[in-house]
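Here is the file run-v2.txt (compact mmCIF, C-alpha atoms).
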# COMPACT_ATOMS: atom_id res chain seq x y z
CA MET A 1 140.63 125.42 108.98
CA ILE A 2 140.03 124.96 105.27
CA ALA A 3 142.91 125.66 102.89
CA VAL A 4 142.19 126.51 99.28
CA ALA A 5 145.07 126.27 96.81
CA VAL A 6 144.69 128.90 94.09
CA ASP A 7 146.69 126.59 91.93
CA GLU A 8 146.46 123.69 89.57
CA ASP A 9 149.73 122.05 90.54
CA VAL A 10 148.22 119.28 92.65
CA GLU A 11 151.54 117.47 93.16
CA THR A 12 153.32 120.49 94.60
CA ILE A 13 150.37 121.20 96.87
CA ARG A 14 150.25 117.55 97.90
CA GLY A 15 153.90 117.81 98.99
CA ALA A 16 153.20 120.99 100.96
CA ALA A 17 150.13 119.38 102.54
CA ASP A 18 151.95 116.26 103.73
CA GLY A 19 150.87 115.49 107.30
CA ILE A 20 148.16 118.17 107.34
CA THR A 21 144.85 116.96 108.74
CA TYR A 22 142.52 119.81 107.73
CA PRO A 23 140.94 119.89 104.25
CA VAL A 24 143.13 121.14 101.41
CA LEU A 25 141.10 121.98 98.31
CA ILE A 26 142.30 122.71 94.78
CA ASP A 27 140.85 125.75 93.04
CA ALA A 28 142.38 125.53 89.55
CA ASP A 29 139.48 127.56 88.09
CA HIS A 30 139.82 130.36 90.68
CA VAL A 31 136.24 129.97 91.84
CA VAL A 32 136.97 131.25 95.35
CA THR A 33 138.98 134.28 94.18
CA GLU A 34 135.93 135.28 92.13
CA LEU A 35 133.39 134.60 94.91
CA TYR A 36 135.35 136.35 97.66
CA ALA A 37 137.13 139.06 95.59
CA ILE A 38 140.54 137.67 96.52
CA SER A 39 143.45 139.31 94.67
CA ASN A 40 146.52 137.80 96.34
CA VAL A 41 147.68 134.98 98.57
CA PRO A 42 147.85 134.35 101.39
CA THR A 43 144.39 135.71 102.09
CA VAL A 44 142.67 134.56 105.27
CA LEU A 45 139.03 134.93 106.36
CA MET A 46 137.40 134.13 109.67
CA ILE A 47 133.85 132.84 109.27
CA ASP A 48 131.65 132.20 112.29
CA GLU A 49 129.12 129.47 113.10
CA GLY A 50 126.36 131.43 111.35
CA ASP A 51 128.28 131.85 108.04
CA ASN A 52 129.08 135.48 108.90
CA ILE A 53 132.43 136.79 107.66
CA VAL A 54 133.77 138.35 110.86
CA GLN A 55 137.27 138.91 109.52
CA PRO A 56 137.15 139.72 105.80
CA ASN A 57 140.03 139.15 103.33
CA TRP A 58 143.15 139.59 105.41
CA SER A 59 146.74 139.40 104.28
CA ALA A 60 147.86 137.08 107.08
CA TYR A 61 150.93 134.88 107.23
CA ALA A 62 151.78 131.54 108.80
CA SER A 63 155.46 132.46 109.14
CA ASP A 64 157.83 135.45 109.00
CA THR A 65 159.36 134.41 105.65
CA PHE A 66 158.10 137.61 104.01
CA LYS A 67 158.41 139.89 107.06
CA GLU A 68 161.18 141.94 105.44
CA LEU A 69 158.91 142.75 102.49
CA THR A 70 155.61 143.06 104.34
CA GLY A 71 156.61 144.33 107.77
CA ILE A 72 153.94 142.00 109.14
CA ASP A 73 154.53 139.98 112.30
CA SER A 74 152.90 136.58 111.78
CA GLU A 75 152.85 135.73 115.50
CA THR A 76 150.70 138.78 116.29
CA GLN A 77 148.32 137.73 113.52
CA LYS A 78 148.12 134.19 114.87
CA ASP A 79 147.38 135.60 118.34
CA HIS A 80 144.33 137.35 116.84
CA ILE A 81 143.16 134.08 115.33
CA ARG A 82 143.71 132.20 118.61
CA ALA A 83 141.76 134.86 120.55
CA TRP A 84 138.83 134.54 118.16
CA VAL A 85 138.83 130.73 118.39
CA LYS A 86 139.09 130.87 122.19
CA ASP A 87 136.60 133.57 123.16
CA GLY A 88 135.30 135.21 119.99
CA THR A 89 137.42 138.37 120.29
CA LEU A 90 137.79 140.10 116.93
CA ARG A 91 140.41 142.51 115.61
CA MET A 92 137.84 144.44 113.56
CA SER A 93 134.42 145.72 114.59
CA PRO A 94 131.44 144.71 112.41
CA ASP A 95 131.38 148.26 111.01
CA GLU A 96 135.06 148.11 110.15
CA ALA A 97 134.67 144.68 108.58
CA LYS A 98 131.77 145.75 106.40
CA GLY A 99 133.11 147.50 103.36
CA ALA A 100 136.73 146.52 104.05
CA VAL A 101 136.85 144.55 100.81
CA ALA A 102 136.14 146.39 97.56
CA ASP A 103 134.08 144.46 95.05
CA LEU A 104 135.88 143.33 91.92
CA SER A 105 135.87 145.81 89.06
CA ALA A 106 134.38 144.73 85.73
CA GLU A 107 137.94 144.32 84.43
CA GLU A 108 138.94 142.13 87.39
CA GLU A 109 135.86 139.97 86.83
CA GLN A 110 136.69 139.61 83.14
CA ALA A 111 140.33 138.82 83.95
CA ARG A 112 139.24 135.83 86.03
CA LEU A 113 137.11 134.52 83.16
CA PHE A 114 139.87 134.92 80.56
CA PHE A 115 142.27 133.21 83.00
CA ARG A 116 139.81 130.30 83.16
CA ILE A 117 139.62 130.15 79.33
CA ALA A 118 143.45 130.22 79.15
CA THR A 119 143.75 127.37 81.64
CA ARG A 120 141.25 125.32 79.70
CA LEU A 121 143.09 125.91 76.39
CA ARG A 122 146.41 125.05 78.06
CA ASN A 123 144.97 121.77 79.32
CA ASP A 124 143.66 121.09 75.81
CA GLY A 125 147.19 121.51 74.41
CA ASP A 126 146.56 124.89 72.72
CA ALA A 127 149.62 126.78 74.00
CA ASP A 128 149.10 129.80 71.71
CA GLY A 129 145.45 130.11 72.67
CA ALA A 130 146.37 129.83 76.33
CA GLU A 131 149.02 132.55 76.05
CA ARG A 132 146.63 134.85 74.15
CA ASN A 133 144.05 134.58 76.91
CA PHE A 134 146.55 134.82 79.78
CA VAL A 135 147.81 138.08 78.22
CA THR A 136 144.23 139.37 77.88
CA ALA A 137 143.60 138.54 81.54
CA ILE A 138 146.80 140.24 82.71
CA ASP A 139 146.10 143.37 80.64
CA LEU A 140 142.68 143.60 82.33
CA ALA A 141 144.03 143.20 85.89
CA PRO A 142 147.78 143.86 85.83
CA HIS A 143 148.16 144.15 89.62
CA ASP A 144 146.07 141.14 90.57
CA TRP A 145 148.46 138.46 91.79
CA THR A 146 145.90 135.67 91.34
CA VAL A 147 145.89 136.58 87.64
CA GLN A 148 149.41 137.67 86.69
CA ARG A 149 151.47 135.66 89.16
CA ALA A 150 149.27 132.57 89.11
CA ALA A 151 149.69 132.56 85.32
CA GLN A 152 153.51 132.62 85.47
CA PRO A 153 154.17 128.91 86.12
CA LEU A 154 151.50 128.07 83.53
CA ARG A 155 153.29 130.28 80.96
CA GLY A 156 156.73 128.81 81.65
CA ILE A 157 157.85 131.83 83.71
CA ASP A 158 159.61 131.33 87.06
CA PRO A 159 157.31 133.03 89.62
CA PHE A 160 160.26 133.43 91.98
CA GLY A 161 162.65 134.94 89.42
CA GLU A 162 162.89 138.35 87.77
CA ALA A 163 159.16 138.34 87.07
CA PHE A 164 158.46 138.54 90.80
CA MET A 165 160.42 141.78 91.31
CA GLU A 166 158.91 143.29 88.16
CA LEU A 167 155.40 142.60 89.38
CA TYR A 168 156.26 143.64 92.93
CA THR A 169 157.65 146.97 91.70
CA ALA A 170 154.60 147.64 89.50
CA PHE A 171 152.31 146.68 92.39
CA ASN A 172 154.06 149.12 94.73
CA GLU A 173 153.93 151.91 92.12
CA ALA A 174 150.19 151.30 91.77
CA GLY A 175 149.74 151.90 95.51
CA ARG A 176 149.66 148.22 96.57
CA PRO A 177 146.04 147.56 95.53
CA TYR A 178 144.65 144.67 97.59
CA HIS A 179 141.07 143.52 98.00
CA GLY A 180 141.05 143.37 101.76
CA VAL A 181 142.95 144.48 104.82
CA THR A 182 146.63 144.25 105.70
CA GLY A 183 148.49 144.64 108.97
CA HIS A 184 148.88 142.77 112.23
CA MET B 1 127.01 127.80 95.00
CA THR B 2 128.73 124.82 93.50
CA THR B 3 131.48 124.63 90.90
CA ASN B 4 128.65 123.82 88.48
CA ASP B 5 127.75 127.47 88.81
CA ILE B 6 130.74 128.47 86.71
CA VAL B 7 130.21 127.59 83.10
CA MET B 8 132.54 126.93 80.17
CA LEU B 9 131.04 126.51 76.72
CA ASP B 10 133.02 125.21 73.74
CA ASP B 11 131.37 126.91 70.83
CA GLY B 12 129.82 130.22 71.68
CA PRO B 13 128.55 132.74 72.13
CA LEU B 14 125.59 131.72 69.95
CA ILE B 15 123.88 128.52 71.06
CA ASP B 16 120.69 126.71 70.15
CA ALA B 17 117.69 127.72 72.22
CA ASP B 18 117.31 124.21 73.60
CA ALA B 19 120.95 124.21 74.78
CA LEU B 20 120.37 127.18 77.09
CA GLU B 21 118.92 125.13 79.92
CA SER B 22 121.85 122.73 80.13
CA ALA B 23 124.28 125.68 79.88
CA LEU B 24 122.77 128.06 82.43
CA GLY B 25 119.78 126.29 83.96
CA TRP B 26 117.34 128.82 82.47
CA THR B 27 115.02 128.57 79.46
CA LEU B 28 113.67 131.31 77.22
CA LYS B 29 109.87 131.29 77.26
CA PRO B 30 107.23 133.76 76.03
CA GLU B 31 107.00 135.19 79.58
CA GLY B 32 110.77 135.65 79.92
CA LEU B 33 113.83 133.77 81.11
CA CYS B 34 112.56 131.06 83.41
CA LYS B 35 113.96 128.63 85.95
CA ASP B 36 111.61 126.51 88.04
CA ASP B 37 108.79 128.87 89.08
CA THR B 38 110.81 132.04 88.58
CA CYS B 39 110.82 134.17 85.45
CA VAL B 40 112.94 137.22 84.69
CA ILE B 41 111.45 139.76 82.31
CA VAL B 42 113.45 140.16 79.10
CA PRO B 43 113.21 143.84 78.15
CA ASP B 44 114.55 143.41 74.62
CA ARG B 45 114.33 139.89 73.29
CA SER B 46 116.07 140.81 70.02
CA ALA B 47 119.20 141.72 72.01
CA LEU B 48 119.46 138.08 73.13
CA MET B 49 118.86 136.50 69.73
CA SER B 50 120.74 136.18 66.49
CA GLY B 51 118.35 134.52 64.05
CA ASP B 52 116.93 131.60 65.99
CA ARG B 53 120.04 131.24 68.14
CA ILE B 54 120.67 132.72 71.57
CA ASP B 55 123.67 134.81 72.62
CA VAL B 56 124.59 133.15 75.89
CA THR B 57 126.78 136.10 76.99
CA ALA B 58 123.79 138.45 76.70
CA VAL B 59 121.66 136.02 78.72
CA ALA B 60 124.41 135.84 81.35
CA GLU B 61 124.48 139.64 81.69
CA LEU B 62 120.70 139.70 82.05
CA LEU B 63 121.09 137.20 84.90
CA ASP B 64 123.81 139.43 86.42
CA ARG B 65 126.59 136.99 85.68
CA PRO B 66 129.83 138.08 83.98
CA ALA B 67 130.77 136.45 80.68
CA ALA B 68 133.89 136.42 78.52
CA HIS B 69 134.31 135.15 74.98
CA ASP B 70 137.52 134.21 73.17
CA ALA B 71 136.49 134.60 69.53
CA GLU B 72 139.40 132.58 68.15
CA SER B 73 138.69 129.39 70.11
CA GLY B 74 134.96 129.97 70.56
CA LEU B 75 135.26 129.35 74.30
CA VAL B 76 132.85 131.23 76.53
CA ALA B 77 133.38 131.47 80.28
CA ILE B 78 130.50 132.53 82.50
CA GLY B 79 131.16 133.47 86.09
CA ALA B 80 129.14 133.05 89.23
CA PRO B 81 126.10 135.28 89.84
CA ARG B 82 127.46 138.61 91.13
CA GLU B 83 125.01 138.53 94.03
CA LEU B 84 127.09 135.72 95.57
CA ARG B 85 130.19 137.92 95.78
CA ARG B 86 128.11 140.88 96.92
CA SER B 87 126.88 138.70 99.75
CA ALA B 88 130.52 138.33 100.82
CA VAL B 89 131.81 141.89 100.37
CA ASN B 90 128.64 143.83 101.27
CA ASP B 91 126.56 141.58 103.50
CA MET B 92 129.41 139.63 105.15
CA LYS B 93 127.69 136.32 104.44
CA ALA B 94 130.06 133.59 103.25
CA PRO B 95 128.97 132.13 99.91
CA ASP B 96 129.17 128.36 99.65
CA PHE B 97 131.42 126.65 97.12
CA THR B 98 132.37 123.13 96.09
CA LEU B 99 135.96 122.19 95.25
CA PRO B 100 137.90 118.94 94.90
CA ASP B 101 140.30 117.88 97.64
CA LEU B 102 143.75 116.44 96.90
CA ASP B 103 142.18 113.11 96.01
CA GLY B 104 139.73 114.77 93.64
CA LEU B 105 136.75 114.25 95.94
CA PRO B 106 134.35 117.21 96.01
CA MET B 107 133.91 119.04 99.30
CA ASN B 108 131.37 121.75 100.07
CA PHE B 109 132.38 124.66 102.27
CA SER B 110 128.93 124.23 103.82
CA ASP B 111 129.88 120.70 104.95
CA HIS B 112 131.58 122.50 107.85
CA ARG B 113 128.76 124.89 108.75
CA SER B 114 127.93 125.61 112.39
CA LYS B 115 131.65 125.76 113.16
CA LYS B 116 134.13 128.60 113.28
CA ARG B 117 136.13 128.35 110.09
CA LEU B 118 139.43 129.82 108.98
CA LEU B 119 139.41 130.00 105.20
CA VAL B 120 142.95 130.28 103.86
CA ALA B 121 143.72 130.95 100.19
CA PHE B 122 147.30 129.98 99.39
CA SER B 123 149.36 128.81 96.42
CA SER B 124 152.65 127.34 95.23
CA TRP B 125 153.52 130.48 93.23
Write out the structure in this file as structure tokens.
Amino acid sequence: MIAVAVDEDVETIRGAADGITYPVLIDADHVVTELYAISNVPTVLMIDEGDNIVQPNWSAYASDTFKELTGIDSETQKDHIRAWVKDGTLRMSPDEAKGAVADLSAEEEQARLFFRIATRLRNDGDADGAERNFVTAIDLAPHDWTVQRAAQPLRGIDPFGEAFMELYTAFNEAGRPYHGVTGH
Amino acid sequence: MTTNDIVMLDDGPLIDADALESALGWTLKPEGLCKDDTCVIVPDRSALMSGDRIDVTAVAELLDRPAAHDAESGLVAIGAPRELRRSAVNDMKAPDFTLPDLDGLPMNFSDHRSKKRLLVAFSSW
């Protein structure tokens, strides 16, 4: 298992990773969300010994904290993962897996780059420049959680407050666009 | 793929011709855009140039890499070659990447090759 934090808050992640023995990597520049067309967290992939993605981007959970919102049973998902580890059984056929993740649109690509520029300006102490570029990124990909929600703590917005329900409502109204597959 | 494959330039999008190699790893030669023994034909050289300077965002697009430019700060961000993501979403081949761990030490995804891997993207937000 390799965990990638789509985050730049190393201290918070360090706290969450206390006692964990598998690698925890920090992706402040959102390299992996660009490379794998990831638009929300948690997103889980199963990758076999030959570098083949046998379970593409999957909205899978470690606990039932969000079960009320998602309707997803985390234990069933973990059973799928255990079965694959144990005997290679997969929940999707190769045909189903192929094409299950839509490529990023040009706007979603651009949003990731403007997010990266905003983060850089923020780290350089240019708060106005950071905000300008975060807003550009969000306008380009308003329903991409790795853009809009990831930007919230960096813009001084509580990601668990009102902003969450606003984004969640807009996301639902847009038909819950997700680059990948959902469900047990 | 390494994190070096994403690029951030301070003062773009026009750069000196001799700065192109350190920025993108390619150089503009009479035969085209070249890297090692490979050259890509440049259909319209004037579209890449402004005077004797090179528009790095136009070069990026020619190399099938996305680019974004914030005019006010001059920052230019260039993304990974799109073929890497296509390898994931179309060909189901996992692209490699390099990221720092919690101690700041770089780790390659490929360090764990020949094993079954569960790649989990998560966050604090």
Between chain A and chain B, at 6 Å or less, what are the per-residue closest atom pairs and their distances in Å? Count all atoms listed in the file, order by chain and rising residue number, and return it as CSV.
residue,atom,partner,partner_atom,distance
A:Met1,CA,B:Leu118,CA,4.6
A:Ile2,CA,B:Leu119,CA,5.1
A:Ala3,CA,B:Val120,CA,4.7
A:Val4,CA,B:Ala121,CA,4.8
A:Ala5,CA,B:Ser123,CA,5.0
A:Val6,CA,B:Ser123,CA,5.2
A:Asp7,CA,B:Ser123,CA,5.7
A:Val24,CA,B:Asp101,CA,5.7
A:Leu25,CA,B:Asp101,CA,4.2
A:Ile26,CA,B:Pro100,CA,5.8
A:Leu35,CA,B:Arg85,CA,4.7
A:Tyr36,CA,B:Arg85,CA,5.7
A:Val41,CA,B:Phe122,CA,5.1
A:Pro42,CA,B:Phe122,CA,4.8
A:Thr43,CA,B:Ala121,CA,5.2
A:Val44,CA,B:Val120,CA,4.5
A:Leu45,CA,B:Leu119,CA,5.1
A:Met46,CA,B:Leu118,CA,4.8
A:Ile47,CA,B:Arg117,CA,5.1
A:Asp48,CA,B:Lys116,CA,4.5
A:Glu49,CA,B:Ser114,CA,4.1
A:Asp51,CA,B:Ala94,CA,5.4
A:Asn52,CA,B:Lys93,CA,4.7
A:Ile53,CA,B:Met92,CA,4.8
A:Val101,CA,B:Val89,CA,5.7
A:Leu113,CA,B:Ala77,CA,5.6
A:Pro159,CA,B:Trp125,CA,5.8
Could you list, as a list in words, every residue within 12 Å of Gly129 (chain A), counting only C-alpha atoms and ignoring same-chain residues fewer than 6 positions away?
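The contact residues come out as Phe114, Phe115, Arg116, Ile117, Ala118, Thr119, Arg120, Leu121, Arg122, Asn123, Val135, Thr136 and Arg155 of chain A; Asp70, Ala71, Glu72, Ser73, Gly74 and Leu75 of chain B.
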*Please provide as a PyMOL selection string all residues within 9 Å of region 23-35 of chain B, with the sequence filter that same-chain residues fewer than 3 positions apart are discarded (counting only C-alpha atoms).*
chain B and resi 5+7-9+17-20+38-43+45+56+59-60+63+78
| query | Hey, can you pull every residue with an atom no more than 7 Å from (144.9, 140.2, 104.2), using all atoms listed in the file, and send it as a PyMOL selection string? | reply | chain A and resi 43-44+57-60+180-182
What separates CA of Leu140 (chain A) and CA of Glu107 (chain A) is a distance of 5.2 Å
Figure out the distance between CA of Ala141 (chain A) and CA of Arg112 (chain A), please, to one decimal in Å.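 Taking CA of Arg112 (chain A) as the start and CA of Ala141 (chain A) as the end point, the length is 8.8 Å.
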CA of His184 (chain A) to CA of Gln77 (chain A) measures 5.2 Å
inquiry  = Calculated over all atoms listed in the file, which of the candidates A:Glu96, A:Asp144, A:Ala111, A:Arg149 has the smallest distance to Ala174 (chain A)?
reply    =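 Using all atoms listed in the file, Ala174 (chain A) sits closest to A:Asp144.
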With distances taken over all atoms listed in the file, the candidate from A:Ile20, A:Gln55, A:His143, A:Tyr61 nearest Thr89 (chain A) is A:Gln55
For Gly71 (chain A), please output as a PDB file with C-alpha atoms, keeping the file's coordinate frame all residues within 9 Å (counting only C-alpha atoms; exclusion window: fewer than 4 positions along the same chain).
ATOM      1  CA  PHE A  66     158.100 137.610 104.010  1.00  0.00           C
ATOM      2  CA  LYS A  67     158.410 139.890 107.060  1.00  0.00           C
ATOM      3  CA  GLY A 183     148.490 144.640 108.970  1.00  0.00           C
TER       4      GLY A 183
END
Q: Using all atoms listed in the file, determine which residues lie at most 12 Å from Glu162 (chain A), disregarding the query and same-chain residues fewer than 5 positions distant; provide the list as a ChimeraX atom specification.
A: /A:149,152,157,167-169
Would you place a box with edges along x, y and z of the file around all atoms of region 143-161 of chain A listed there, add 6 Å to each of its six sides, and report the centre and edge lengths in Å to one decimal, as JSON?
{"center_x": 154.3, "center_y": 136.1, "center_z": 86.5, "size_x": 28.8, "size_y": 28.1, "size_z": 23.0}
